[in-house]
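entry.txt follows (compact mmCIF, C-alpha atoms and all ligand atoms):
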```txt
# COMPACT_ATOMS: atom_id res chain seq x y z
CA MET A 1 138.93 122.69 84.44
CA ASN A 2 138.69 120.26 81.53
CA ALA A 3 141.98 119.03 80.08
CA PRO A 4 142.32 120.10 76.40
CA LEU A 5 141.69 117.51 73.70
CA PRO A 6 144.48 116.80 71.23
CA VAL A 7 144.45 118.57 67.87
CA ASN A 8 142.75 116.41 65.24
CA HIS A 9 142.93 116.03 61.50
CA GLN A 10 140.43 114.99 58.87
CA VAL A 11 140.84 111.33 58.04
CA ASN A 12 138.61 110.81 55.03
CA ASP A 13 140.81 112.38 52.41
CA ALA A 14 143.63 110.63 50.59
CA THR A 15 146.40 112.54 52.32
CA SER A 16 145.50 111.74 55.89
CA LEU A 17 144.44 108.13 55.92
CA PRO A 18 145.19 105.97 58.95
CA PRO A 19 148.79 104.70 58.90
CA GLY A 20 149.13 101.75 56.58
CA SER A 21 145.90 102.33 54.65
CA SER A 22 147.65 103.54 51.54
CA ALA A 23 149.62 100.28 51.38
CA GLY A 24 146.38 98.30 51.41
CA LYS A 25 146.72 97.48 55.08
CA PHE A 26 144.24 98.15 57.83
CA PHE A 27 144.87 99.97 61.08
CA GLU A 28 144.45 97.24 63.68
CA VAL A 29 143.99 97.55 67.44
CA ARG A 30 143.93 94.75 70.00
CA PHE A 31 142.59 95.45 73.49
CA GLU A 32 144.01 93.00 76.04
CA SER A 33 141.85 92.94 79.12
CA ILE A 34 139.94 91.04 81.75
CA GLY A 35 136.19 90.94 82.16
CA GLY A 36 134.75 93.95 83.94
CA LEU A 37 137.22 96.62 82.79
CA GLY A 38 135.27 97.62 79.70
CA ALA A 39 137.49 96.53 76.80
CA HIS A 40 134.55 95.40 74.67
CA ALA A 41 132.77 98.71 75.23
CA ALA A 42 135.95 100.63 74.35
CA GLY A 43 136.35 98.74 71.07
CA HIS A 44 132.69 99.29 70.27
CA VAL A 45 132.94 103.04 70.86
CA LEU A 46 136.13 103.38 68.78
CA ALA A 47 134.71 101.45 65.82
CA THR A 48 131.35 103.25 66.01
CA ALA A 49 133.04 106.64 66.03
CA ALA A 50 135.26 105.72 63.08
CA VAL A 51 132.49 104.22 60.93
CA LEU A 52 129.47 106.40 61.70
CA ARG A 53 131.16 109.73 62.29
CA MET A 54 134.60 109.71 60.64
CA GLY A 55 133.73 108.19 57.27
CA MET A 56 135.90 105.11 57.62
CA ASN A 57 135.34 101.41 57.18
CA GLY A 58 135.63 99.43 60.37
CA ALA A 59 134.94 96.17 62.14
CA HIS A 60 134.87 95.24 65.81
CA PHE A 61 134.35 92.08 67.82
CA SER A 62 135.60 90.53 71.05
CA SER A 63 136.58 87.11 72.26
CA TYR A 64 135.74 86.01 75.78
CA GLY A 65 136.71 83.08 77.92
CA SER A 66 134.00 82.05 80.28
CA GLU A 67 132.52 85.59 80.08
CA LYS A 68 132.95 85.77 83.83
CA LYS A 69 134.22 88.93 85.50
CA GLY A 70 137.95 88.42 85.85
CA SER A 71 138.54 86.16 82.84
CA VAL A 72 140.65 87.16 79.83
CA VAL A 73 138.91 89.30 77.20
CA ARG A 74 140.37 90.38 73.87
CA SER A 75 138.67 92.99 71.76
CA PHE A 76 139.66 93.67 68.15
CA VAL A 77 139.16 96.80 66.03
CA ARG A 78 140.09 96.99 62.36
CA LEU A 79 139.83 100.33 60.54
CA GLY A 80 140.38 101.28 56.92
CA ALA A 81 139.77 104.18 54.57
CA ASP A 82 136.30 104.59 53.03
CA ASN A 83 137.50 103.06 49.77
CA GLN A 84 138.97 100.03 51.54
CA PRO A 85 136.34 97.36 52.24
CA ILE A 86 136.98 95.09 55.21
CA ARG A 87 136.39 91.45 54.35
CA VAL A 88 138.47 89.97 57.16
CA SER A 89 136.75 88.84 60.33
CA ALA A 90 139.65 87.02 62.00
CA PRO A 91 141.22 88.17 65.28
CA VAL A 92 143.93 90.83 65.00
CA GLU A 93 147.24 88.95 65.02
CA THR A 94 149.70 91.68 63.97
CA PRO A 95 148.34 94.80 65.67
CA ASP A 96 149.45 98.37 65.09
CA VAL A 97 148.34 99.07 68.65
CA ILE A 98 148.03 96.90 71.74
CA ILE A 99 146.21 98.37 74.73
CA VAL A 100 146.70 96.53 78.02
CA PHE A 101 144.01 97.14 80.64
CA HIS A 102 145.62 95.39 83.63
CA GLY A 103 149.26 95.17 84.71
CA VAL A 104 149.02 91.48 85.55
CA LEU A 105 148.46 90.73 81.85
CA LEU A 106 152.03 91.83 81.11
CA ARG A 107 153.17 88.54 82.65
CA ASN A 108 151.52 86.63 79.83
CA PRO A 109 153.71 86.61 76.68
CA ALA A 110 150.56 86.26 74.56
CA THR A 111 149.61 89.84 75.52
CA SER A 112 152.25 91.42 73.28
CA ARG A 113 152.37 88.75 70.56
CA GLY A 114 152.37 89.98 66.98
CA LEU A 115 153.13 93.63 67.81
CA ARG A 116 154.66 95.27 64.77
CA SER A 117 158.11 96.78 65.08
CA ASP A 118 156.58 100.18 64.31
CA GLY A 119 153.60 99.50 66.60
CA THR A 120 152.37 101.23 69.74
CA PHE A 121 152.02 99.51 73.12
CA ILE A 122 149.83 101.32 75.66
CA TYR A 123 149.66 99.87 79.16
CA ASN A 124 147.82 100.77 82.32
CA ALA A 125 150.11 101.33 85.32
CA PRO A 126 150.93 104.06 87.80
CA ALA A 127 154.22 105.93 87.43
CA GLY A 128 157.21 104.28 88.99
CA VAL A 129 158.96 101.00 88.39
CA ILE A 130 158.94 99.99 84.71
CA PRO A 131 157.94 96.33 84.34
CA GLU A 132 160.74 94.00 83.20
CA GLU A 133 158.31 92.37 80.75
CA LEU A 134 158.47 95.44 78.52
CA LYS A 135 161.98 94.43 77.46
CA ALA A 136 160.32 91.77 75.30
CA LEU A 137 158.79 94.49 73.07
CA PRO A 138 160.28 95.59 69.74
CA ARG A 139 163.11 98.08 70.10
CA SER A 140 161.48 100.50 67.68
CA ALA A 141 157.92 100.25 69.06
CA ARG A 142 156.37 103.19 70.85
CA VAL A 143 155.64 102.33 74.51
CA ILE A 144 153.16 104.44 76.45
CA ARG A 145 152.15 104.26 80.10
CA VAL A 146 148.99 105.77 81.55
CA ASP A 147 147.57 105.39 85.05
CA ALA A 148 144.14 104.45 83.74
CA LEU A 149 143.01 102.84 86.96
CA GLY A 150 144.20 105.68 89.18
CA ILE A 151 142.49 108.26 86.97
CA ALA A 152 139.33 106.15 86.72
CA LEU A 153 139.11 105.74 90.49
CA LYS A 154 139.58 109.46 91.02
CA GLU A 155 137.06 110.46 88.36
CA LYS A 156 134.57 107.70 89.31
CA SER A 157 134.85 106.31 85.80
CA ARG A 158 136.37 103.15 84.32
CA PRO A 159 139.77 102.48 82.74
CA ASN A 160 138.22 102.11 79.28
CA ALA A 161 137.31 105.82 79.12
CA VAL A 162 140.88 106.77 80.08
CA LEU A 163 142.48 104.39 77.58
CA LEU A 164 140.21 105.58 74.77
CA GLY A 165 141.48 109.07 75.52
CA THR A 166 145.07 107.84 75.42
CA ILE A 167 144.75 106.18 72.01
CA CYS A 168 143.25 109.40 70.64
CA GLY A 169 146.05 111.40 72.27
CA THR A 170 148.69 109.22 70.65
CA PHE A 171 147.17 109.02 67.13
CA PRO A 172 146.30 112.55 66.07
CA TRP A 173 144.36 111.38 63.01
CA LEU A 174 141.82 109.78 65.38
CA ASP A 175 139.36 112.58 66.02
CA ALA A 176 139.33 112.80 69.83
CA ALA A 177 136.25 115.04 69.95
CA THR A 178 134.33 112.56 67.79
CA VAL A 179 135.37 109.54 69.85
CA LEU A 180 134.45 111.42 73.03
CA ALA A 181 131.05 112.38 71.59
CA THR A 182 130.41 108.72 70.74
CA LEU A 183 131.45 107.64 74.24
CA SER A 184 129.11 110.21 75.78
CA GLU A 185 126.24 109.18 73.51
CA GLU A 186 126.79 105.54 74.45
CA PHE A 187 126.41 106.33 78.14
CA ALA A 188 123.70 108.98 77.83
CA GLY A 189 121.14 106.23 77.21
CA LYS A 190 122.44 103.68 79.71
CA ASN A 191 123.79 105.72 82.59
CA PRO A 192 123.44 109.49 82.17
CA ALA A 193 125.24 110.14 85.46
CA ALA A 194 128.39 108.55 83.99
CA VAL A 195 128.64 110.94 81.01
CA ALA A 196 130.44 113.75 82.84
CA THR A 197 132.77 111.42 84.77
CA ASN A 198 133.70 109.48 81.63
CA GLU A 199 134.34 112.69 79.75
CA GLN A 200 136.76 113.93 82.39
CA ALA A 201 138.49 110.52 82.50
CA PHE A 202 138.80 110.53 78.69
CA ARG A 203 140.30 114.02 78.66
CA ARG A 204 142.84 113.09 81.30
CA GLY A 205 143.75 109.92 79.40
CA ALA A 206 144.31 111.98 76.24
CA SER A 207 146.85 114.21 77.95
CA GLU A 208 148.30 112.48 81.05
CA PHE A 209 150.34 109.72 79.47
CA GLU A 210 154.07 109.11 79.46
CA ILE A 211 156.22 107.83 76.61
CA ILE A 212 158.68 105.23 77.91
CA GLU A 213 161.92 105.53 75.97
CA SER A 214 164.42 102.80 75.08
CA ILE A 215 162.75 99.87 76.80
CA GLY A 216 162.13 97.21 74.11
CA GLU A 217 165.09 94.96 73.27
CA VAL A 218 163.75 92.87 70.38
CA ASP A 219 164.61 93.55 66.74
CA GLY A 220 161.75 93.38 64.25
CA ASP A 221 158.10 92.36 64.64
CA LEU A 222 157.09 90.07 67.50
CA PRO A 223 155.99 86.56 66.48
CA ILE A 224 152.31 85.80 66.17
CA ALA A 225 150.67 83.74 68.94
CA ARG A 226 149.27 80.58 67.44
CA SER A 227 148.55 77.61 69.60
CA ASP A 228 148.51 74.26 67.91
CA PRO A 229 146.27 71.71 69.60
CA GLU A 230 148.23 69.38 71.85
CA TRP A 231 146.28 66.35 70.66
CA GLY A 232 144.92 65.35 67.28
CA TYR A 233 142.83 62.41 66.08
CA GLU A 234 145.84 60.11 66.11
CA THR A 235 147.22 61.07 69.52
CA GLN A 236 144.23 61.88 71.70
CA PRO A 237 143.73 59.78 74.86
CA ILE A 238 141.02 57.16 75.11
CA GLY A 239 137.61 58.74 75.65
CA ALA A 240 136.50 59.77 79.16
CA VAL A 241 140.05 59.80 80.51
CA LEU A 242 141.30 63.00 82.16
CA PRO A 243 145.09 62.66 81.93
CA GLU A 244 145.69 66.06 83.53
CA PRO A 245 142.98 66.72 86.14
CA GLY A 246 142.53 70.36 87.09
CA ASN A 247 143.46 71.63 90.53
CA SER A 248 142.11 74.88 91.87
CA ALA A 249 145.27 75.32 93.97
CA TRP A 250 147.03 76.33 90.73
CA ASN A 251 144.42 78.96 89.93
CA ASP A 252 145.65 82.53 89.87
CA MET A 253 142.90 85.03 90.57
CA SER A 254 145.21 88.09 90.57
CA ALA A 255 143.78 89.38 87.32
CA SER A 256 140.35 89.63 88.94
CA ARG A 257 141.46 92.48 91.16
CA THR A 258 140.72 95.85 89.65
CA GLY A 259 143.01 98.16 91.52
CA LEU A 260 142.22 97.64 95.21
CA MET A 261 143.49 94.96 97.59
CA PRO A 262 143.22 94.19 101.32
CA VAL A 263 146.36 94.75 103.38
CA LEU A 264 146.78 93.37 106.92
CA GLU A 265 148.24 95.41 109.74
CA GLY A 266 149.17 92.62 112.14
CA ALA A 267 149.34 94.76 115.29
CA LYS A 268 145.64 95.61 115.04
CA CYS A 269 144.46 92.03 114.44
CA ILE A 270 142.63 90.20 117.26
CA HIS A 271 142.49 86.95 115.22
CA CYS A 272 138.72 86.78 115.55
CA GLY A 273 138.34 85.05 112.15
CA VAL A 274 135.46 87.20 110.90
CA CYS A 275 137.38 87.97 107.70
CA ASP A 276 137.75 84.25 107.04
CA LEU A 277 134.03 83.73 107.44
CA VAL A 278 133.20 86.24 104.70
CA CYS A 279 136.07 85.56 102.26
CA PRO A 280 134.66 83.62 99.30
CA ASP A 281 138.01 82.42 98.02
CA PHE A 282 140.01 80.84 100.85
CA CYS A 283 142.71 83.53 100.76
CA LEU A 284 143.45 84.09 104.43
CA VAL A 285 146.41 82.21 105.85
CA TRP A 286 146.48 81.02 109.47
CA GLY A 287 149.41 79.75 111.51
CA ASP A 288 150.27 78.73 115.06
CA GLY A 289 150.03 81.56 117.56
CA ALA A 290 153.25 82.89 119.05
CA ASP A 291 151.62 82.68 122.49
CA THR A 292 149.16 79.79 122.39
CA SER A 293 147.71 80.68 125.76
CA LYS A 294 146.38 83.78 124.06
CA PHE A 295 145.60 82.69 120.47
CA GLU A 296 145.91 79.13 119.29
CA ARG A 297 145.79 80.20 115.64
CA GLU A 298 146.80 83.60 114.28
CA LEU A 299 146.10 85.32 111.01
CA MET A 300 149.42 85.46 109.14
CA GLY A 301 148.30 87.35 106.02
CA VAL A 302 146.66 87.05 102.63
CA ASP A 303 147.54 84.79 99.71
CA TYR A 304 146.91 87.27 96.91
CA ARG A 305 147.13 84.51 94.33
CA TYR A 306 143.51 83.64 95.22
CA CYS A 307 142.26 87.10 96.21
CA LYS A 308 139.86 88.74 93.78
CA GLY A 309 139.76 92.05 95.64
CA CYS A 310 136.10 91.95 96.66
CA LEU A 311 137.09 93.63 99.98
CA ARG A 312 134.43 91.82 102.02
CA CYS A 313 137.14 91.08 104.57
CA VAL A 314 137.93 94.80 104.89
CA GLU A 315 134.28 95.70 105.35
CA SER A 316 133.83 93.03 108.02
CA CYS A 317 136.98 93.48 110.08
CA PRO A 318 135.96 94.92 113.49
CA THR A 319 139.35 96.48 114.29
CA GLY A 320 140.49 97.95 110.98
CA ALA A 321 143.37 95.46 110.82
CA LEU A 322 142.50 94.81 107.17
CA ALA A 323 142.40 97.99 105.12
CA GLN A 324 141.95 98.61 101.43
CA GLU A 325 144.94 99.91 99.49
CA ILE A 326 145.52 100.81 95.86
CA GLU A 327 147.42 97.95 94.24
CA THR A 328 150.71 99.16 92.82
CA PRO A 329 152.92 96.90 90.68
CA GLY A 330 154.62 94.23 92.79
CA LEU A 331 152.81 95.09 96.07
CA ALA A 332 150.80 91.84 96.15
CA ASP A 333 153.93 89.79 95.42
CA ARG A 334 155.82 91.48 98.26
CA LEU A 335 153.04 91.06 100.85
CA ARG A 336 151.82 87.62 99.80
CA VAL A 337 151.75 84.90 102.46
CA PRO A 338 151.48 81.64 100.50
CA LEU A 339 148.73 79.25 101.46
CA PHE A 340 150.58 76.32 99.91
CA PRO A 341 154.32 77.12 100.31
CA GLU A 342 155.21 73.69 98.99
CA MET A 343 153.83 74.75 95.59
CA ILE A 344 156.38 77.55 95.22
CA LYS A 345 159.38 76.37 93.29
S1 LIG B 401 138.50 90.23 110.95
FE1 LIG B 401 140.18 91.68 111.32
S2 LIG B 401 140.72 91.34 113.46
FE2 LIG B 401 139.50 89.58 112.85
S3 LIG B 401 141.04 88.06 112.15
FE3 LIG B 401 140.41 89.22 110.34
S4 LIG B 401 141.92 90.87 110.19
FE4 LIG B 401 142.08 90.05 112.25
S1 LIG B 402 139.34 90.87 99.22
FE1 LIG B 402 137.76 89.28 99.04
S2 LIG B 402 138.84 87.58 98.10
FE2 LIG B 402 140.43 88.95 98.88
S3 LIG B 402 140.91 88.22 100.94
FE3 LIG B 402 139.32 89.77 101.16
S4 LIG B 402 137.38 88.66 101.15
FE4 LIG B 402 138.96 87.28 100.33
```
Please, can you express the file's structure as structure tokens?
Amino acid sequence: MNAPLPVNHQVNDATSLPPGSSAGKFFEVRFESIGGLGAHAAGHVLATAAVLRMGMNGAHFSSYGSEKKGSVVRSFVRLGADNQPIRVSAPVETPDVIIVFHGVLLRNPATSRGLRSDGTFIYNAPAGVIPEELKALPRSARVIRVDALGIALKEKSRPNAVLLGTICGTFPWLDAATVLATLSEEFAGKNPAAVATNEQAFRRGASEFEIIESIGEVDGDLPIARSDPEWGYETQPIGAVLPEPGNSAWNDMSASRTGLMPVLEGAKCIHCGVCDLVCPDFCLVWGDGADTSKFERELMGVDYRYCKGCLRCVESCPTGALAQEIETPGLADRLRVPLFPEMIK
């Protein structure tokens, strides 16, 4: 049975404008995500629904890193009443809403920067342990958790459909039926089979969220993230010099995983090395065998810092020693076997 959609209100009359509109301010949303989870598409659907179907003014754009799956993506939506033209095209620095698509992004302080003290912070995580990082949010902000990945996996959808449902469920003036219709229309042309699954994911996102009480410890708005360039024309090094060469050992690929990870059950492992042959990212850690007459080298585990969750190792393992598991907060940190222990301070 379909979950009910939240009750909605008209938004294009003077009494029910988006929060802040009457004070000449826009309603601003920042999606914090990584490539492949659909943040850009979510922002596009929200802005399209607001502008073409709800009579509002709106703007949407995204910023990408290398545009590679797994890199940081930020998507910005700015909405205003129909009498409020939008002439700003800068990124959203002081959002009313931040929507976090992946738990690993909570580790980055830039994710929550600029959140208003009366803002809303929606993050994707299963129920259970509440991340410590949420203490850095404003005391008076509304904090909402939804298991977007778990729902998406179950409904064969993507987290963006779930999180669109959650923002509609938490802001009643956003017409959930209209946003859902826009989402369905978007997919009807590209992937008709995804319409029903996305709809169910959206409905569950609109109703299956949890408000986390009394977690933020900061008074007032959070500061804006602005990075000043380290070097200017007076201080830059001589041309062609790389004073800080990159080193892939410091790379952290954790954000590339989208909910599933390989887990080793040592007792089943025959140390054949097939997993190592197929792993594209040098994640499997080998050590001296306990009984060298049997195995000279043994598989000790996975360094999840480099694992992007492609699961080729799981598919190739002949004994089932590597199995796929849903990644819950902290699981990778607990099971990680470091490839370069000397790098851990
Ligand atoms: S493929 Fe499976 S059995 Fe072989 S080393 Fe890897 S985990 Fe062990
Ligand atoms: S999931 Fe992919 S990246 Fe991670 S250890 Fe297995 S093969 Fe390597």
Go through chain A and flag each residue having an atom no more than 7 Å from ligand LIG 401 (chain B); for those, report the closest pair of atoms plus their distance in Å to one decimal, using only C-alpha atoms and all ligand atoms, ordered by chain and rising number, as JSON lines.
```
{"residue": "A:Leu264", "atom": "CA", "partner": "B:LIG401", "partner_atom": "S4", "distance": 6.4}
{"residue": "A:Lys268", "atom": "CA", "partner": "B:LIG401", "partner_atom": "S2", "distance": 6.7}
{"residue": "A:Cys269", "atom": "CA", "partner": "B:LIG401", "partner_atom": "FE4", "distance": 3.8}
{"residue": "A:Ile270", "atom": "CA", "partner": "B:LIG401", "partner_atom": "S2", "distance": 4.4}
{"residue": "A:His271", "atom": "CA", "partner": "B:LIG401", "partner_atom": "S3", "distance": 3.6}
{"residue": "A:Cys272", "atom": "CA", "partner": "B:LIG401", "partner_atom": "FE2", "distance": 4.0}
{"residue": "A:Gly273", "atom": "CA", "partner": "B:LIG401", "partner_atom": "S3", "distance": 4.0}
{"residue": "A:Val274", "atom": "CA", "partner": "B:LIG401", "partner_atom": "S1", "distance": 4.3}
{"residue": "A:Cys275", "atom": "CA", "partner": "B:LIG401", "partner_atom": "S1", "distance": 4.1}
{"residue": "A:Asp276", "atom": "CA", "partner": "B:LIG401", "partner_atom": "FE3", "distance": 6.5}
{"residue": "A:Leu299", "atom": "CA", "partner": "B:LIG401", "partner_atom": "S3", "distance": 5.9}
{"residue": "A:Cys313", "atom": "CA", "partner": "B:LIG401", "partner_atom": "S1", "distance": 6.6}
{"residue": "A:Ser316", "atom": "CA", "partner": "B:LIG401", "partner_atom": "S1", "distance": 6.2}
{"residue": "A:Cys317", "atom": "CA", "partner": "B:LIG401", "partner_atom": "S1", "distance": 3.7}
{"residue": "A:Pro318", "atom": "CA", "partner": "B:LIG401", "partner_atom": "FE1", "distance": 5.7}
{"residue": "A:Thr319", "atom": "CA", "partner": "B:LIG401", "partner_atom": "S2", "distance": 5.4}
{"residue": "A:Gly320", "atom": "CA", "partner": "B:LIG401", "partner_atom": "FE1", "distance": 6.3}
{"residue": "A:Ala321", "atom": "CA", "partner": "B:LIG401", "partner_atom": "S4", "distance": 4.9}
{"residue": "A:Leu322", "atom": "CA", "partner": "B:LIG401", "partner_atom": "S4", "distance": 5.0}
```
Out of A:Lys190, A:Arg305, A:His44, A:Arg87, which residue has the shortest atom-to-atom distance to A:Asp333 when counting only C-alpha atoms?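 Nearest to A:Asp333: A:Arg305.
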Cut-off 8 Å, all atoms listed in the file, neighbours of ligand LIG 402 (chain B) as a ChimeraX atom specification: /A:261-262,275-276,278-284,302-304,306-314
Between atom CA of A:Ala176 and atom CA of A:Ile99, what distance in Å does the model show, to one decimal?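 Here the two named atoms are 16.7 Å from each other.
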In Å to one decimal, how far is atom CA of A:Ala127 from atom CA of A:Arg145?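 Value for the atom CA of A:Arg145-atom CA of A:Ala127 distance: 7.8 Å.
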Could you check how far atom CA of A:Lys25 sits from atom CA of A:Leu180, in Å to one decimal?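 Separation of atom CA of A:Lys25 and atom CA of A:Leu180: 25.8 Å.
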Need to verify the contact set: A:Asp82, 8 Å, all atoms listed in the file, exclusion of same-chain residues closer than 2 positions in sequence. Can you return it as a VMD selection string? chain A and resid 12 55 to 57 80 84 to 85
With a distance cut-off of 12 Å and all atoms listed in the file, select the neighbouring residues of A:Ile130, excluding the residue or stretch itself and same-chain residues fewer than 3 positions from it, and output the selection as a short mmCIF file (atom, residue, chain, number, x, y, z; two decimals) with C-alpha atoms, in the coordinates of the input.
```cif
data_model
loop_
_atom_site.label_atom_id
_atom_site.label_comp_id
_atom_site.auth_asym_id
_atom_site.auth_seq_id
_atom_site.Cartn_x
_atom_site.Cartn_y
_atom_site.Cartn_z
CA GLY A 103 149.26 95.17 84.71
CA LEU A 106 152.03 91.83 81.11
CA TYR A 123 149.66 99.87 79.16
CA ASN A 124 147.82 100.77 82.32
CA ALA A 125 150.11 101.33 85.32
CA PRO A 126 150.93 104.06 87.80
CA ALA A 127 154.22 105.93 87.43
CA GLU A 133 158.31 92.37 80.75
CA LEU A 134 158.47 95.44 78.52
CA LYS A 135 161.98 94.43 77.46
CA VAL A 143 155.64 102.33 74.51
CA ILE A 144 153.16 104.44 76.45
CA ARG A 145 152.15 104.26 80.10
CA VAL A 146 148.99 105.77 81.55
CA GLU A 210 154.07 109.11 79.46
CA ILE A 211 156.22 107.83 76.61
CA ILE A 212 158.68 105.23 77.91
CA GLU A 213 161.92 105.53 75.97
CA SER A 214 164.42 102.80 75.08
CA ILE A 215 162.75 99.87 76.80
CA GLY A 216 162.13 97.21 74.11
CA THR A 328 150.71 99.16 92.82
CA PRO A 329 152.92 96.90 90.68
CA GLY A 330 154.62 94.23 92.79
#
```
Considering all atoms listed in the file, return as JSON, numbers by chain whatever protein or nucleic-acid residues lie within 6 Å of A:Ser117, sequence-local ones (same chain, fewer than 4 positions apart) excluded. {"A": [138, 140, 141, 220, 221]}
Between A:Gly169, A:Pro192, A:Gly150, A:Gly239, which one has atoms that come closest to A:Ala206, using all atoms listed in the file?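 Result for the nearest residue to A:Ala206: A:Gly169.
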From A:Met54, A:Ile98, A:Leu105, A:Ala42, residue lying nearest A:Asn198 [all atoms listed in the file]: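 That would be A:Ala42, the residue with the smallest distance to A:Asn198.
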Name the residues, using the chain letters and numbers of the file, that sit within 9 Å of (130.7, 108.4, 81.5) when counting all atoms listed in the file, and give them as a VMD selection string. chain A and resid 156 to 158 161 183 to 184 186 to 188 191 to 202
Export, as a PDB file, in the frame of the given file, the selected residues with C-alpha atoms.
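File out_35.pdb, as written:
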```
ATOM      1  CA  LYS A 156     134.570 107.700  89.310  1.00  0.00           C
ATOM      2  CA  SER A 157     134.850 106.310  85.800  1.00  0.00           C
ATOM      3  CA  ARG A 158     136.370 103.150  84.320  1.00  0.00           C
ATOM      4  CA  ALA A 161     137.310 105.820  79.120  1.00  0.00           C
ATOM      5  CA  LEU A 183     131.450 107.640  74.240  1.00  0.00           C
ATOM      6  CA  SER A 184     129.110 110.210  75.780  1.00  0.00           C
ATOM      7  CA  GLU A 186     126.790 105.540  74.450  1.00  0.00           C
ATOM      8  CA  PHE A 187     126.410 106.330  78.140  1.00  0.00           C
ATOM      9  CA  ALA A 188     123.700 108.980  77.830  1.00  0.00           C
ATOM     10  CA  ASN A 191     123.790 105.720  82.590  1.00  0.00           C
ATOM     11  CA  PRO A 192     123.440 109.490  82.170  1.00  0.00           C
ATOM     12  CA  ALA A 193     125.240 110.140  85.460  1.00  0.00           C
ATOM     13  CA  ALA A 194     128.390 108.550  83.990  1.00  0.00           C
ATOM     14  CA  VAL A 195     128.640 110.940  81.010  1.00  0.00           C
ATOM     15  CA  ALA A 196     130.440 113.750  82.840  1.00  0.00           C
ATOM     16  CA  THR A 197     132.770 111.420  84.770  1.00  0.00           C
ATOM     17  CA  ASN A 198     133.700 109.480  81.630  1.00  0.00           C
ATOM     18  CA  GLU A 199     134.340 112.690  79.750  1.00  0.00           C
ATOM     19  CA  GLN A 200     136.760 113.930  82.390  1.00  0.00           C
ATOM     20  CA  ALA A 201     138.490 110.520  82.500  1.00  0.00           C
ATOM     21  CA  PHE A 202     138.800 110.530  78.690  1.00  0.00           C
TER      22      PHE A 202
END
```
For a cut-off of 12 Å around (135.8, 105.2, 61.7), file coordinates, pick out all residues using only C-alpha atoms and list them as a ChimeraX atom specification. /A:10-12,17-18,26-28,43-60,77-82,84,173-176,178-179,182
